[in-house]
Amino acid sequence: MRFYLACDRSGCRARAVFDLVIAEPPPDIETDLFGHVLHSATVASPYIEELGWIFIQQEGYWCPNCASPGRRPRSKDVTSS
């Protein structure tokens, strides 16, 4: 399966493309629709992390450059002192 990633950070144009062979079949579509649809993404997510991309809740996937700690969005739960 071929995966296309685009950085979701506003203004960033970083892209990544990779092919991944997924040996195991997805769950049966009749009994597990979401598992069937999300199967390839679930298998690919560790590889995406190895490439340095991170998923930020409510933001999407960020490239390694944008994912560096100084560029990440601040958590809404963190207060400055």
# chains A, B, ... in the order shown; residues from 1 in each chain; ligands from 1
>>> select_by_dssp(residues="range 13-69 of chain A", states="alpha helix (DSSP H)", output="list in words")
Leu33, Phe34, Gly35, His36, Val37, Leu38, His39, Ser40, Ala41, Thr42, Val43, Ala44, Ser45, Pro46, Tyr47, Ile48, Glu49 and Glu50 of chain A
>>> residues_around(residues="range 15-18 of chain A", least_positions_apart="2", cutoff="12 Å", atoms="only C-alpha atoms", output="ChimeraX atom specification")
/A:1-9,12-13,20-21,44,47-48,51-53,61-66
>>> write_last_selection(atoms="N, CA and C atoms", output="compact mmCIF listing (two decimals), in the first residue's frame")
# COMPACT_ATOMS: atom_id res chain seq x y z
N MET A 1 0.85 -1.16 0.00
CA MET A 1 0.00 0.00 0.00
C MET A 1 0.91 1.24 0.00
N ARG A 2 0.55 2.24 -0.73
CA ARG A 2 1.31 3.48 -0.77
C ARG A 2 0.63 4.51 0.14
N PHE A 3 1.45 5.14 0.97
CA PHE A 3 0.97 6.16 1.90
C PHE A 3 1.51 7.52 1.47
N TYR A 4 0.67 8.51 1.52
CA TYR A 4 1.05 9.89 1.23
C TYR A 4 0.78 10.71 2.48
N LEU A 5 1.82 11.33 3.01
CA LEU A 5 1.66 12.20 4.18
C LEU A 5 1.91 13.64 3.77
N ALA A 6 1.12 14.53 4.30
CA ALA A 6 1.32 15.96 4.12
C ALA A 6 1.24 16.58 5.50
N CYS A 7 2.19 17.44 5.82
CA CYS A 7 2.20 18.09 7.13
C CYS A 7 0.95 18.96 7.25
N ASP A 8 0.24 18.80 8.36
CA ASP A 8 -0.99 19.55 8.58
C ASP A 8 -0.76 20.89 9.26
N ARG A 9 0.50 21.21 9.60
CA ARG A 9 0.77 22.50 10.23
C ARG A 9 0.58 23.61 9.19
N CYS A 12 3.16 24.82 6.27
CA CYS A 12 4.22 23.85 5.98
C CYS A 12 3.84 23.06 4.72
N ARG A 13 4.83 22.85 3.86
CA ARG A 13 4.57 22.13 2.62
C ARG A 13 5.29 20.79 2.57
N LEU A 20 4.34 0.33 1.93
CA LEU A 20 4.38 -0.61 3.05
C LEU A 20 3.60 -1.85 2.66
N VAL A 21 4.25 -3.01 2.78
CA VAL A 21 3.58 -4.27 2.52
C VAL A 21 2.90 -4.71 3.81
N ALA A 44 0.53 1.03 9.77
CA ALA A 44 1.52 2.01 9.33
C ALA A 44 1.95 3.00 10.41
N TYR A 47 5.54 2.93 11.78
CA TYR A 47 6.51 3.32 10.76
C TYR A 47 6.51 4.83 10.56
N ILE A 48 5.34 5.43 10.58
CA ILE A 48 5.23 6.88 10.45
C ILE A 48 5.98 7.57 11.59
N LEU A 51 9.69 7.59 11.10
CA LEU A 51 10.11 8.63 10.15
C LEU A 51 10.19 10.01 10.80
N GLY A 52 9.74 10.11 12.05
CA GLY A 52 9.80 11.39 12.77
C GLY A 52 8.52 12.20 12.72
N TRP A 53 7.51 11.68 12.07
CA TRP A 53 6.22 12.37 12.02
C TRP A 53 5.46 12.06 13.29
N TYR A 61 -1.20 15.26 11.41
CA TYR A 61 0.19 14.83 11.34
C TYR A 61 1.10 16.01 11.07
N TRP A 62 2.18 16.09 11.83
CA TRP A 62 3.20 17.12 11.63
C TRP A 62 4.51 16.45 11.23
N CYS A 63 5.23 17.08 10.31
CA CYS A 63 6.51 16.58 9.83
C CYS A 63 7.57 16.68 10.94
N PRO A 64 8.72 16.04 10.76
CA PRO A 64 9.76 16.10 11.80
C PRO A 64 10.21 17.52 12.14
N ASN A 65 10.28 18.40 11.16
CA ASN A 65 10.71 19.77 11.43
C ASN A 65 9.68 20.50 12.30
N CYS A 66 8.43 20.41 11.94
CA CYS A 66 7.38 21.09 12.70
C CYS A 66 7.11 20.41 14.04
>>> atom_distance(atom1="CA of Pro27 in chain A", atom2="CA of Glu59 in chain A")
28.3 Å
>>> atom_distance(atom1="CA of His36 in chain A", atom2="CA of Ala23 in chain A")
14.1 Å
>>> select_by_dssp(residues="chain A", states="strand (DSSP E or B)", output="VMD selection string")
chain A and resid 2 to 6 15 to 19 54 to 56 60 to 62
>>> write_last_selection(atoms="C-alpha atoms", output="mmCIF file, in the first residue's frame")
data_model
loop_
_atom_site.group_PDB
_atom_site.id
_atom_site.type_symbol
_atom_site.label_atom_id
_atom_site.label_comp_id
_atom_site.auth_asym_id
_atom_site.auth_seq_id
_atom_site.Cartn_x
_atom_site.Cartn_y
_atom_site.Cartn_z
ATOM 1 C CA ARG A 2 1.309 3.483 -0.769
ATOM 2 C CA PHE A 3 0.968 6.163 1.895
ATOM 3 C CA TYR A 4 1.049 9.887 1.226
ATOM 4 C CA LEU A 5 1.664 12.197 4.178
ATOM 5 C CA ALA A 6 1.321 15.963 4.116
ATOM 6 C CA ARG A 15 5.441 15.750 2.169
ATOM 7 C CA ALA A 16 6.416 12.092 2.520
ATOM 8 C CA VAL A 17 5.543 9.051 0.438
ATOM 9 C CA PHE A 18 6.302 5.458 1.366
ATOM 10 C CA ASP A 19 5.210 1.969 0.405
ATOM 11 C CA ILE A 54 3.895 12.803 14.993
ATOM 12 C CA PHE A 55 0.146 12.969 15.337
ATOM 13 C CA ILE A 56 -1.099 15.909 17.404
ATOM 14 C CA GLY A 60 -3.180 16.168 12.495
ATOM 15 C CA TYR A 61 0.194 14.826 11.343
ATOM 16 C CA TRP A 62 3.203 17.119 11.635
#
>>> atom_distance(atom1="CA of Leu38 in chain A", atom2="CA of Pro26 in chain A")
8.6 Å
>>> closest_residue(among="A:Gly70, A:Ile22, A:Gln57, A:Gly11", to="His39 in chain A", atoms="only C-alpha atoms")
A:Ile22
